[in-house]
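The file coords.cif comes next; it holds mmCIF, C-alpha atoms.
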```
data_data
loop_
_atom_site.group_PDB
_atom_site.id
_atom_site.type_symbol
_atom_site.label_atom_id
_atom_site.label_comp_id
_atom_site.auth_asym_id
_atom_site.auth_seq_id
_atom_site.Cartn_x
_atom_site.Cartn_y
_atom_site.Cartn_z
ATOM 1 C CA MET A 139 62.363 43.007 -24.724
ATOM 2 C CA GLY A 140 58.894 44.282 -23.811
ATOM 3 C CA ILE A 141 56.775 43.072 -20.903
ATOM 4 C CA GLY A 142 54.451 41.120 -23.210
ATOM 5 C CA LYS A 143 57.245 38.947 -24.520
ATOM 6 C CA ARG A 144 58.732 38.514 -21.045
ATOM 7 C CA VAL A 145 55.392 37.334 -19.653
ATOM 8 C CA ARG A 146 54.947 34.842 -22.490
ATOM 9 C CA LEU A 147 58.518 33.561 -22.212
ATOM 10 C CA GLU A 148 57.867 32.734 -18.564
ATOM 11 C CA ARG A 149 55.078 30.426 -19.725
ATOM 12 C CA ILE A 150 57.492 28.404 -21.856
ATOM 13 C CA MET A 151 60.634 28.679 -19.709
ATOM 14 C CA ASN A 152 61.203 28.129 -15.991
ATOM 15 C CA ARG A 153 61.547 31.631 -14.544
ATOM 16 C CA ASP A 154 63.808 30.394 -11.729
ATOM 17 C CA THR A 155 66.280 28.301 -13.737
ATOM 18 C CA GLY A 156 66.037 30.116 -17.055
ATOM 19 C CA LYS A 157 65.839 26.719 -18.740
ATOM 20 C CA THR A 158 63.115 24.829 -20.541
ATOM 21 C CA VAL A 159 61.809 21.387 -21.478
ATOM 22 C CA ILE A 160 59.955 21.605 -24.788
ATOM 23 C CA VAL A 161 58.248 18.665 -26.484
ATOM 24 C CA PRO A 162 57.596 19.232 -30.206
ATOM 25 C CA MET A 163 54.769 17.181 -31.696
ATOM 26 C CA ASP A 164 54.603 18.745 -35.144
ATOM 27 C CA HIS A 165 55.739 15.544 -36.906
ATOM 28 C CA GLY A 166 52.341 14.664 -38.380
ATOM 29 C CA VAL A 167 52.718 17.033 -41.330
ATOM 30 C CA SER A 168 56.137 15.746 -42.348
ATOM 31 C CA SER A 169 55.728 12.053 -41.532
ATOM 32 C CA GLY A 170 52.020 11.336 -41.024
ATOM 33 C CA PRO A 171 50.368 9.502 -38.105
ATOM 34 C CA MET A 172 52.821 7.841 -35.748
ATOM 35 C CA LYS A 173 52.945 6.400 -32.240
ATOM 36 C CA GLY A 174 52.526 9.098 -29.624
ATOM 37 C CA ILE A 175 50.781 11.725 -31.713
ATOM 38 C CA ILE A 176 47.720 9.843 -32.932
ATOM 39 C CA ASN A 177 45.911 10.731 -29.719
ATOM 40 C CA ILE A 178 47.424 14.171 -29.105
ATOM 41 C CA LYS A 179 45.285 14.988 -26.078
ATOM 42 C CA ASP A 180 46.337 11.883 -24.171
ATOM 43 C CA THR A 181 50.020 12.488 -24.902
ATOM 44 C CA VAL A 182 49.839 16.171 -23.959
ATOM 45 C CA GLU A 183 48.288 15.196 -20.633
ATOM 46 C CA LYS A 184 51.185 12.838 -19.904
ATOM 47 C CA ILE A 185 53.786 15.401 -20.958
ATOM 48 C CA ALA A 186 52.223 18.085 -18.769
ATOM 49 C CA GLU A 187 52.035 15.667 -15.841
ATOM 50 C CA GLY A 188 55.750 14.968 -16.283
ATOM 51 C CA GLY A 189 56.570 18.646 -15.860
ATOM 52 C CA ALA A 190 57.396 19.868 -19.373
ATOM 53 C CA ASN A 191 57.431 23.624 -19.824
ATOM 54 C CA ALA A 192 55.949 23.706 -23.325
ATOM 55 C CA ILE A 193 54.718 21.721 -26.293
ATOM 56 C CA ILE A 194 54.879 22.538 -30.003
ATOM 57 C CA LEU A 195 51.867 21.850 -32.219
ATOM 58 C CA HIS A 196 50.686 22.820 -35.676
ATOM 59 C CA LYS A 197 47.674 25.119 -35.661
ATOM 60 C CA GLY A 198 45.183 22.401 -36.567
ATOM 61 C CA MET A 199 46.181 20.302 -33.560
ATOM 62 C CA VAL A 200 45.755 23.002 -30.904
ATOM 63 C CA GLU A 201 42.093 22.218 -30.298
ATOM 64 C CA GLN A 202 42.807 18.485 -30.513
ATOM 65 C CA GLY A 203 45.500 18.780 -27.854
ATOM 66 C CA HIS A 204 43.702 21.114 -25.454
ATOM 67 C CA ARG A 205 42.690 19.131 -22.370
ATOM 68 C CA GLY A 206 40.890 21.670 -20.179
ATOM 69 C CA LYS A 207 42.153 19.910 -17.048
ATOM 70 C CA GLY A 208 45.301 18.829 -15.259
ATOM 71 C CA LYS A 209 48.652 20.622 -15.154
ATOM 72 C CA ASP A 210 49.199 23.547 -17.469
ATOM 73 C CA VAL A 211 51.845 23.530 -20.176
ATOM 74 C CA GLY A 212 52.977 26.329 -22.472
ATOM 75 C CA LEU A 213 51.800 26.319 -26.092
ATOM 76 C CA ILE A 214 54.091 27.064 -29.024
ATOM 77 C CA VAL A 215 52.477 27.023 -32.468
ATOM 78 C CA HIS A 216 54.715 25.810 -35.285
ATOM 79 C CA MET A 217 54.610 27.891 -38.443
ATOM 80 C CA SER A 218 56.726 25.882 -40.921
ATOM 81 C CA ALA A 219 55.989 22.748 -42.912
ATOM 82 C CA SER A 220 57.242 20.306 -45.504
ATOM 83 C CA THR A 221 56.529 16.629 -46.130
ATOM 84 C CA ASP A 222 58.647 13.524 -46.508
ATOM 85 C CA LEU A 223 56.695 12.863 -49.706
ATOM 86 C CA SER A 224 58.409 15.772 -51.452
ATOM 87 C CA ILE A 225 61.663 15.450 -53.371
ATOM 88 C CA ARG A 226 62.691 18.734 -51.716
ATOM 89 C CA LYS A 227 61.660 17.962 -48.143
ATOM 90 C CA ASN A 228 64.397 20.241 -46.787
ATOM 91 C CA ASP A 229 62.548 23.286 -48.125
ATOM 92 C CA LYS A 230 60.142 24.632 -45.504
ATOM 93 C CA VAL A 231 57.237 26.993 -46.206
ATOM 94 C CA LEU A 232 55.187 29.084 -43.808
ATOM 95 C CA VAL A 233 51.713 27.685 -43.131
ATOM 96 C CA CYS A 234 50.652 29.934 -40.256
ATOM 97 C CA THR A 235 50.951 33.543 -39.106
ATOM 98 C CA VAL A 236 51.777 35.105 -35.772
ATOM 99 C CA GLU A 237 48.295 36.609 -35.709
ATOM 100 C CA GLU A 238 46.712 33.163 -36.115
ATOM 101 C CA ALA A 239 48.848 31.846 -33.278
ATOM 102 C CA ILE A 240 47.713 34.674 -31.009
ATOM 103 C CA LYS A 241 44.073 33.821 -31.746
ATOM 104 C CA LEU A 242 44.811 30.197 -30.800
ATOM 105 C CA GLY A 243 46.133 31.255 -27.388
ATOM 106 C CA ALA A 244 49.804 30.581 -28.134
ATOM 107 C CA ASP A 245 52.564 31.575 -25.732
ATOM 108 C CA GLY A 246 55.118 31.435 -28.547
ATOM 109 C CA VAL A 247 55.664 30.469 -32.170
ATOM 110 C CA SER A 248 58.353 28.402 -33.864
ATOM 111 C CA ILE A 249 59.815 28.208 -37.342
ATOM 112 C CA HIS A 250 62.117 25.693 -39.052
ATOM 113 C CA VAL A 251 65.024 26.784 -41.234
ATOM 114 C CA ASN A 252 67.418 24.472 -43.080
ATOM 115 C CA ILE A 253 70.712 26.177 -43.842
ATOM 116 C CA GLY A 254 72.296 24.650 -46.940
ATOM 117 C CA ALA A 255 68.954 23.669 -48.463
ATOM 118 C CA GLU A 256 68.125 24.633 -52.025
ATOM 119 C CA ASP A 257 65.529 27.156 -50.861
ATOM 120 C CA GLU A 258 67.604 28.582 -47.996
ATOM 121 C CA LYS A 259 67.183 32.183 -49.146
ATOM 122 C CA GLN A 260 63.384 31.959 -49.007
ATOM 123 C CA MET A 261 63.481 30.379 -45.547
ATOM 124 C CA LEU A 262 65.763 33.183 -44.318
ATOM 125 C CA LYS A 263 63.406 35.755 -45.842
ATOM 126 C CA ASP A 264 60.481 34.113 -44.044
ATOM 127 C CA PHE A 265 62.509 34.088 -40.819
ATOM 128 C CA GLY A 266 62.954 37.842 -41.091
ATOM 129 C CA ALA A 267 59.249 38.434 -41.706
ATOM 130 C CA VAL A 268 58.197 36.246 -38.766
ATOM 131 C CA SER A 269 60.762 37.914 -36.503
ATOM 132 C CA LYS A 270 59.337 41.318 -37.417
ATOM 133 C CA ALA A 271 55.798 40.196 -36.579
ATOM 134 C CA CYS A 272 56.988 38.691 -33.279
ATOM 135 C CA ILE A 273 58.513 42.028 -32.282
ATOM 136 C CA GLU A 274 55.285 43.813 -33.162
ATOM 137 C CA TRP A 275 53.082 41.376 -31.218
ATOM 138 C CA GLN A 276 55.580 40.676 -28.395
ATOM 139 C CA MET A 277 55.524 36.970 -29.221
ATOM 140 C CA PRO A 278 58.472 34.703 -28.306
ATOM 141 C CA LEU A 279 60.091 33.079 -31.323
ATOM 142 C CA VAL A 280 61.735 29.652 -31.308
ATOM 143 C CA ALA A 281 63.956 29.024 -34.324
ATOM 144 C CA MET A 282 64.672 25.382 -35.175
ATOM 145 C CA ILE A 283 67.771 25.599 -37.337
ATOM 146 C CA TYR A 284 69.564 22.719 -39.020
ATOM 147 C CA TYR A 285 72.482 22.339 -41.410
ATOM 148 C CA ARG A 286 70.783 20.286 -44.133
ATOM 149 C CA GLY A 287 70.995 20.255 -47.880
ATOM 150 C CA PRO A 288 72.242 18.394 -50.947
ATOM 151 C CA GLU A 289 75.875 19.455 -50.396
ATOM 152 C CA VAL A 290 75.963 18.982 -46.607
ATOM 153 C CA LYS A 291 78.372 16.218 -45.601
ATOM 154 C CA ASN A 292 78.173 16.485 -41.797
ATOM 155 C CA PRO A 293 75.049 18.125 -40.295
ATOM 156 C CA PHE A 294 76.643 17.935 -36.825
ATOM 157 C CA ASP A 295 79.868 19.744 -37.713
ATOM 158 C CA PRO A 296 80.654 21.904 -34.639
ATOM 159 C CA ASP A 297 81.635 24.993 -36.622
ATOM 160 C CA ALA A 298 78.510 24.744 -38.763
ATOM 161 C CA VAL A 299 76.264 24.228 -35.732
ATOM 162 C CA ALA A 300 77.830 27.250 -34.011
ATOM 163 C CA HIS A 301 77.195 29.235 -37.199
ATOM 164 C CA ILE A 302 73.540 28.253 -37.541
ATOM 165 C CA ALA A 303 72.883 28.972 -33.852
ATOM 166 C CA ARG A 304 74.320 32.435 -34.355
ATOM 167 C CA ILE A 305 72.097 32.946 -37.392
ATOM 168 C CA GLY A 306 69.093 32.342 -35.153
ATOM 169 C CA ALA A 307 70.166 34.995 -32.676
ATOM 170 C CA GLU A 308 71.167 37.480 -35.377
ATOM 171 C CA LEU A 309 67.747 37.258 -37.047
ATOM 172 C CA GLY A 310 65.724 37.753 -33.872
ATOM 173 C CA ALA A 311 64.960 34.365 -32.314
ATOM 174 C CA ASP A 312 64.410 34.292 -28.551
ATOM 175 C CA ILE A 313 65.311 30.584 -28.311
ATOM 176 C CA VAL A 314 67.425 28.664 -30.824
ATOM 177 C CA LYS A 315 67.108 24.903 -31.312
ATOM 178 C CA VAL A 316 70.047 23.108 -32.932
ATOM 179 C CA PRO A 317 71.357 19.520 -33.161
ATOM 180 C CA TYR A 318 73.921 18.271 -30.669
ATOM 181 C CA THR A 319 77.514 18.253 -31.926
ATOM 182 C CA GLY A 320 78.329 14.962 -30.187
ATOM 183 C CA ASP A 321 80.361 16.118 -27.210
ATOM 184 C CA PRO A 322 80.027 18.804 -24.515
ATOM 185 C CA GLU A 323 83.303 20.552 -25.332
ATOM 186 C CA THR A 324 82.323 21.509 -28.868
ATOM 187 C CA PHE A 325 78.701 22.164 -27.883
ATOM 188 C CA ARG A 326 79.867 24.611 -25.209
ATOM 189 C CA LYS A 327 81.364 26.697 -28.012
ATOM 190 C CA VAL A 328 77.976 26.684 -29.747
ATOM 191 C CA VAL A 329 76.323 27.978 -26.573
ATOM 192 C CA GLU A 330 79.010 30.589 -25.954
ATOM 193 C CA GLY A 331 78.703 31.895 -29.507
ATOM 194 C CA CYS A 332 74.954 32.436 -29.294
ATOM 195 C CA PRO A 333 73.674 35.339 -27.138
ATOM 196 C CA VAL A 334 70.171 33.862 -26.755
ATOM 197 C CA PRO A 335 69.191 30.549 -25.078
ATOM 198 C CA VAL A 336 70.163 27.424 -27.018
ATOM 199 C CA VAL A 337 68.198 24.187 -26.664
ATOM 200 C CA ILE A 338 69.220 20.785 -27.955
ATOM 201 C CA ALA A 339 67.235 18.865 -30.555
ATOM 202 C CA GLY A 340 66.390 15.262 -29.770
ATOM 203 C CA GLY A 341 67.248 13.837 -33.166
ATOM 204 C CA PRO A 342 66.270 10.309 -34.278
ATOM 205 C CA LYS A 343 64.859 7.761 -31.810
ATOM 206 C CA VAL A 344 67.728 6.663 -29.562
ATOM 207 C CA SER A 345 68.606 3.048 -28.778
ATOM 208 C CA SER A 346 68.450 3.392 -24.975
ATOM 209 C CA ASP A 347 67.227 5.656 -22.200
ATOM 210 C CA LYS A 348 70.777 6.031 -20.913
ATOM 211 C CA GLU A 349 71.923 7.361 -24.286
ATOM 212 C CA LEU A 350 69.217 10.037 -24.228
ATOM 213 C CA LEU A 351 69.826 10.991 -20.598
ATOM 214 C CA GLN A 352 73.583 11.230 -21.134
ATOM 215 C CA MET A 353 73.153 13.457 -24.181
ATOM 216 C CA ILE A 354 70.864 15.836 -22.298
ATOM 217 C CA TYR A 355 73.109 15.869 -19.224
ATOM 218 C CA ASP A 356 76.198 16.635 -21.317
ATOM 219 C CA ALA A 357 74.463 19.376 -23.304
ATOM 220 C CA VAL A 358 72.686 21.094 -20.410
ATOM 221 C CA VAL A 359 74.691 20.459 -17.244
ATOM 222 C CA VAL A 360 78.181 20.217 -18.746
ATOM 223 C CA ALA A 361 77.981 22.449 -21.830
ATOM 224 C CA GLY A 362 75.490 24.916 -20.342
ATOM 225 C CA CYS A 363 72.698 25.020 -22.891
ATOM 226 C CA ALA A 364 69.228 26.184 -21.863
ATOM 227 C CA GLY A 365 67.370 22.898 -22.114
ATOM 228 C CA LEU A 366 65.875 20.612 -24.696
ATOM 229 C CA SER A 367 63.365 20.354 -27.493
ATOM 230 C CA VAL A 368 62.896 16.594 -27.813
ATOM 231 C CA GLY A 369 60.014 14.992 -29.703
ATOM 232 C CA ARG A 370 59.999 11.286 -30.597
ATOM 233 C CA ASN A 371 62.310 10.267 -27.758
ATOM 234 C CA ILE A 372 59.657 11.588 -25.376
ATOM 235 C CA PHE A 373 56.258 11.155 -27.031
ATOM 236 C CA GLN A 374 57.093 7.645 -28.297
ATOM 237 C CA HIS A 375 58.543 6.480 -24.987
ATOM 238 C CA ASP A 376 56.834 3.611 -23.165
ATOM 239 C CA ASN A 377 56.346 5.903 -20.150
ATOM 240 C CA VAL A 378 55.870 9.435 -21.456
ATOM 241 C CA SER A 379 55.239 11.052 -18.069
ATOM 242 C CA LYS A 380 58.251 9.466 -16.418
ATOM 243 C CA ILE A 381 60.770 10.231 -19.163
ATOM 244 C CA THR A 382 59.517 13.822 -19.217
ATOM 245 C CA TYR A 383 59.898 13.985 -15.440
ATOM 246 C CA VAL A 384 63.491 12.730 -15.313
ATOM 247 C CA LEU A 385 64.561 14.945 -18.198
ATOM 248 C CA SER A 386 63.020 17.902 -16.388
ATOM 249 C CA LYS A 387 64.984 16.962 -13.275
ATOM 250 C CA ILE A 388 68.223 16.953 -15.276
ATOM 251 C CA VAL A 389 67.469 20.281 -16.944
ATOM 252 C CA HIS A 390 66.206 22.203 -13.919
ATOM 253 C CA GLU A 391 67.979 20.475 -11.028
ATOM 254 C CA GLY A 392 71.079 19.011 -12.628
ATOM 255 C CA ILE A 393 70.608 15.468 -11.333
ATOM 256 C CA THR A 394 73.071 12.879 -12.647
ATOM 257 C CA VAL A 395 72.400 10.255 -15.292
ATOM 258 C CA ASP A 396 72.579 7.508 -12.665
ATOM 259 C CA GLU A 397 70.073 9.331 -10.457
ATOM 260 C CA ALA A 398 67.760 9.805 -13.433
ATOM 261 C CA LEU A 399 67.996 6.110 -14.364
ATOM 262 C CA LYS A 400 67.111 5.053 -10.827
ATOM 263 C CA ILE A 401 63.965 7.192 -10.961
ATOM 264 C CA LEU A 402 63.069 5.965 -14.432
ATOM 265 C CA GLU A 403 63.584 2.308 -13.574
ATOM 266 C CA GLY A 404 62.051 2.526 -10.079
#
```
Could you render the structure as structure tokens?
Amino acid sequence: MGIGKRVRLERIMNRDTGKTVIVPMDHGVSSGPMKGIINIKDTVEKIAEGGANAIILHKGMVEQGHRGKGKDVGLIVHMSASTDLSIRKNDKVLVCTVEEAIKLGADGVSIHVNIGAEDEKQMLKDFGAVSKACIEWQMPLVAMIYYRGPEVKNPFDPDAVAHIARIGAELGADIVKVPYTGDPETFRKVVEGCPVPVVIAGGPKVSSDKELLQMIYDAVVVAGCAGLSVGRNIFQHDNVSKITYVLSKIVHEGITVDEALKILEG
């Protein structure tokens, strides 16, 4: 890894802990306007205040989300897209380039790949092309990889999740984002099988704060993953800054779920 990529990675990961709190807000393309991302700038300010390491935005939202004040937060530009209006919403296409992201001031780029989707081979081909450009430009690459498609019965199958995480590392990602398998024992095997940092996806909106905190604690503190990439469960929370803060405390300091709840409810 060259110095350029190392410098940029330190803007999206904590250089002391080697872990990261990433908040993706790229949902507008797939799902349209929703609570938390209508006013991007306001939400980014709260996320930065809470201590997140990085945010993920589509290229058109970078200027909308740039605050010019307050705490800094790393910028990852998302390069993949599909919409919920499509009958093949699991098929992602590239809508940005690494060069565009550099011009926007990005510290990293991210792509989304659905293994098991009908257009998997094209998404893997795109992954390879983006990885090549990231090597050339010394740009960190976050790969969001899911096991999704018409024949997929269990997208959280531990063996499948371990496989897709490994795909991310094999094809050149610097950070791999995958869904949680449901328990720390099986997720530890996912982490151990992937030679680059693994972060946990947030998934659908959870029913309680405790459920979210427990999932992150189990994945990071118990199973040893490198942090989180959680969207709706952060940006749609009633107190965005505070939930970001307590999740950051779990990731970087290893505080317990009970300690996190006391802070959140205090």
Residues of segment 184-270 of chain A that approach segment 141-155 of chain A to 6 Å or less, counting all atoms listed in the file: could you list each one with the shortest pair of atoms and its distance in Å to one decimal, rows by chain and increasing residue number, as CSV?
```
residue,atom,partner,partner_atom,distance
A:Asn191,CA,A:Ile150,CA,5.2
A:Ala192,CA,A:Ile150,CA,5.2
A:Gly212,CA,A:Ile150,CA,5.0
A:Asp245,CA,A:Arg146,CA,5.2
```
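Computed from the coordinates, the atom CA of Leu213 of chain A to atom CA of Ile381 of chain A distance equals 19.7 Å.
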> Residues at most 7 Å from segment 313-315 of chain A, counting only C-alpha atoms, excluding those fewer than 6 positions away in the same chain, as JSON, numbers by chain?
Replying inline: {"A": [279, 280, 281, 282, 283, 303, 306, 334, 335, 336, 337, 338, 339]}
Got a sec to resolve the PyMOL selection byres ((chain A and resi 166) around 12) on this structure and send the residues as an mmCIF file with C-alpha atoms, in the frame of the given file?
```cif
data_model
loop_
_atom_site.group_PDB
_atom_site.id
_atom_site.type_symbol
_atom_site.label_atom_id
_atom_site.label_comp_id
_atom_site.auth_asym_id
_atom_site.auth_seq_id
_atom_site.Cartn_x
_atom_site.Cartn_y
_atom_site.Cartn_z
ATOM 1 C CA PRO A 162 57.596 19.232 -30.206
ATOM 2 C CA MET A 163 54.769 17.181 -31.696
ATOM 3 C CA ASP A 164 54.603 18.745 -35.144
ATOM 4 C CA HIS A 165 55.739 15.544 -36.906
ATOM 5 C CA VAL A 167 52.718 17.033 -41.330
ATOM 6 C CA SER A 168 56.137 15.746 -42.348
ATOM 7 C CA SER A 169 55.728 12.053 -41.532
ATOM 8 C CA GLY A 170 52.020 11.336 -41.024
ATOM 9 C CA PRO A 171 50.368 9.502 -38.105
ATOM 10 C CA MET A 172 52.821 7.841 -35.748
ATOM 11 C CA LYS A 173 52.945 6.400 -32.240
ATOM 12 C CA GLY A 174 52.526 9.098 -29.624
ATOM 13 C CA ILE A 175 50.781 11.725 -31.713
ATOM 14 C CA ILE A 176 47.720 9.843 -32.932
ATOM 15 C CA ASN A 177 45.911 10.731 -29.719
ATOM 16 C CA ILE A 178 47.424 14.171 -29.105
ATOM 17 C CA ILE A 194 54.879 22.538 -30.003
ATOM 18 C CA LEU A 195 51.867 21.850 -32.219
ATOM 19 C CA HIS A 196 50.686 22.820 -35.676
ATOM 20 C CA LYS A 197 47.674 25.119 -35.661
ATOM 21 C CA GLY A 198 45.183 22.401 -36.567
ATOM 22 C CA MET A 199 46.181 20.302 -33.560
ATOM 23 C CA HIS A 216 54.715 25.810 -35.285
ATOM 24 C CA ALA A 219 55.989 22.748 -42.912
ATOM 25 C CA SER A 220 57.242 20.306 -45.504
ATOM 26 C CA THR A 221 56.529 16.629 -46.130
ATOM 27 C CA ASP A 222 58.647 13.524 -46.508
ATOM 28 C CA GLY A 369 60.014 14.992 -29.703
ATOM 29 C CA ARG A 370 59.999 11.286 -30.597
#
```
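Minimum atom-to-atom distance to Glu237 of chain A, evaluated using all atoms listed in the file, belongs to A:Glu274 out of A:Asp210, A:Asp295, A:Glu258, A:Glu274.
A straight line drawn from atom CA of Ala307 of chain A to atom CA of Phe294 of chain A is 18.7 Å long.
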>> List as number ranges by chain the residues having at least one atom at most 8 Å from position (72.8, 16.7, -19.6) as given in the file, counting only C-alpha atoms.
In response: A: 351-360, 388-389, 392, 394-395
Explicit residue set for the PyMOL selection byres ((chain A and resi 251) around 7), as a PDB file with C-alpha atoms, keeping the file's coordinate frame:
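Saved file expr.pdb follows:
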```
ATOM      1  CA  LYS A 230      60.142  24.632 -45.504  1.00  0.00           C
ATOM      2  CA  ILE A 249      59.815  28.208 -37.342  1.00  0.00           C
ATOM      3  CA  HIS A 250      62.117  25.693 -39.052  1.00  0.00           C
ATOM      4  CA  ASN A 252      67.418  24.472 -43.080  1.00  0.00           C
ATOM      5  CA  ILE A 253      70.712  26.177 -43.842  1.00  0.00           C
ATOM      6  CA  MET A 261      63.481  30.379 -45.547  1.00  0.00           C
ATOM      7  CA  MET A 282      64.672  25.382 -35.175  1.00  0.00           C
ATOM      8  CA  ILE A 283      67.771  25.599 -37.337  1.00  0.00           C
ATOM      9  CA  TYR A 284      69.564  22.719 -39.020  1.00  0.00           C
TER      10      TYR A 284
END
```
Residue completion, segment 205-223 of chain A, N, CA and C atoms, as a PDB file, in the coordinates of the input:
```
ATOM      1  N   ARG A 205      43.324  20.080 -23.284  1.00  0.00           N
ATOM      2  CA  ARG A 205      42.690  19.131 -22.370  1.00  0.00           C
ATOM      3  C   ARG A 205      41.634  19.759 -21.472  1.00  0.00           C
ATOM      4  N   GLY A 206      41.834  21.018 -21.071  1.00  0.00           N
ATOM      5  CA  GLY A 206      40.890  21.670 -20.179  1.00  0.00           C
ATOM      6  C   GLY A 206      40.945  21.168 -18.751  1.00  0.00           C
ATOM      7  N   LYS A 207      42.000  20.421 -18.411  1.00  0.00           N
ATOM      8  CA  LYS A 207      42.153  19.910 -17.048  1.00  0.00           C
ATOM      9  C   LYS A 207      43.624  19.554 -16.820  1.00  0.00           C
ATOM     10  N   GLY A 208      43.947  19.252 -15.576  1.00  0.00           N
ATOM     11  CA  GLY A 208      45.301  18.829 -15.259  1.00  0.00           C
ATOM     12  C   GLY A 208      46.300  19.972 -15.239  1.00  0.00           C
ATOM     13  N   LYS A 209      47.589  19.629 -15.201  1.00  0.00           N
ATOM     14  CA  LYS A 209      48.652  20.622 -15.154  1.00  0.00           C
ATOM     15  C   LYS A 209      48.699  21.426 -16.448  1.00  0.00           C
ATOM     16  N   ASP A 210      49.087  22.689 -16.295  1.00  0.00           N
ATOM     17  CA  ASP A 210      49.199  23.547 -17.469  1.00  0.00           C
ATOM     18  C   ASP A 210      50.546  23.299 -18.152  1.00  0.00           C
ATOM     19  N   VAL A 211      50.608  23.629 -19.420  1.00  0.00           N
ATOM     20  CA  VAL A 211      51.845  23.530 -20.176  1.00  0.00           C
ATOM     21  C   VAL A 211      51.792  24.609 -21.253  1.00  0.00           C
ATOM     22  N   GLY A 212      52.939  25.268 -21.485  1.00  0.00           N
ATOM     23  CA  GLY A 212      52.977  26.329 -22.472  1.00  0.00           C
ATOM     24  C   GLY A 212      52.724  25.817 -23.884  1.00  0.00           C
ATOM     25  N   LEU A 213      52.142  26.686 -24.714  1.00  0.00           N
ATOM     26  CA  LEU A 213      51.800  26.319 -26.092  1.00  0.00           C
ATOM     27  C   LEU A 213      52.613  27.140 -27.083  1.00  0.00           C
ATOM     28  N   ILE A 214      53.365  26.441 -27.924  1.00  0.00           N
ATOM     29  CA  ILE A 214      54.091  27.064 -29.024  1.00  0.00           C
ATOM     30  C   ILE A 214      53.492  26.533 -30.320  1.00  0.00           C
ATOM     31  N   VAL A 215      53.074  27.432 -31.189  1.00  0.00           N
ATOM     32  CA  VAL A 215      52.477  27.023 -32.468  1.00  0.00           C
ATOM     33  C   VAL A 215      53.547  27.056 -33.552  1.00  0.00           C
ATOM     34  N   HIS A 216      53.698  25.923 -34.243  1.00  0.00           N
ATOM     35  CA  HIS A 216      54.715  25.810 -35.285  1.00  0.00           C
ATOM     36  C   HIS A 216      54.193  26.403 -36.580  1.00  0.00           C
ATOM     37  N   MET A 217      55.045  27.145 -37.271  1.00  0.00           N
ATOM     38  CA  MET A 217      54.610  27.891 -38.443  1.00  0.00           C
ATOM     39  C   MET A 217      55.170  27.360 -39.759  1.00  0.00           C
ATOM     40  N   SER A 218      56.069  26.373 -39.709  1.00  0.00           N
ATOM     41  CA  SER A 218      56.726  25.882 -40.921  1.00  0.00           C
ATOM     42  C   SER A 218      56.273  24.467 -41.255  1.00  0.00           C
ATOM     43  N   ALA A 219      56.373  24.111 -42.532  1.00  0.00           N
ATOM     44  CA  ALA A 219      55.989  22.748 -42.912  1.00  0.00           C
ATOM     45  C   ALA A 219      56.675  22.315 -44.200  1.00  0.00           C
ATOM     46  N   SER A 220      56.870  20.999 -44.278  1.00  0.00           N
ATOM     47  CA  SER A 220      57.242  20.306 -45.504  1.00  0.00           C
ATOM     48  C   SER A 220      56.858  18.856 -45.279  1.00  0.00           C
ATOM     49  N   THR A 221      56.897  18.038 -46.302  1.00  0.00           N
ATOM     50  CA  THR A 221      56.529  16.629 -46.130  1.00  0.00           C
ATOM     51  C   THR A 221      57.630  15.719 -46.646  1.00  0.00           C
ATOM     52  N   ASP A 222      57.691  14.526 -46.062  1.00  0.00           N
ATOM     53  CA  ASP A 222      58.647  13.524 -46.508  1.00  0.00           C
ATOM     54  C   ASP A 222      58.291  12.971 -47.886  1.00  0.00           C
ATOM     55  N   LEU A 223      57.120  13.312 -48.379  1.00  0.00           N
ATOM     56  CA  LEU A 223      56.695  12.863 -49.706  1.00  0.00           C
ATOM     57  C   LEU A 223      57.281  13.717 -50.827  1.00  0.00           C
TER      58      LEU A 223
END
```
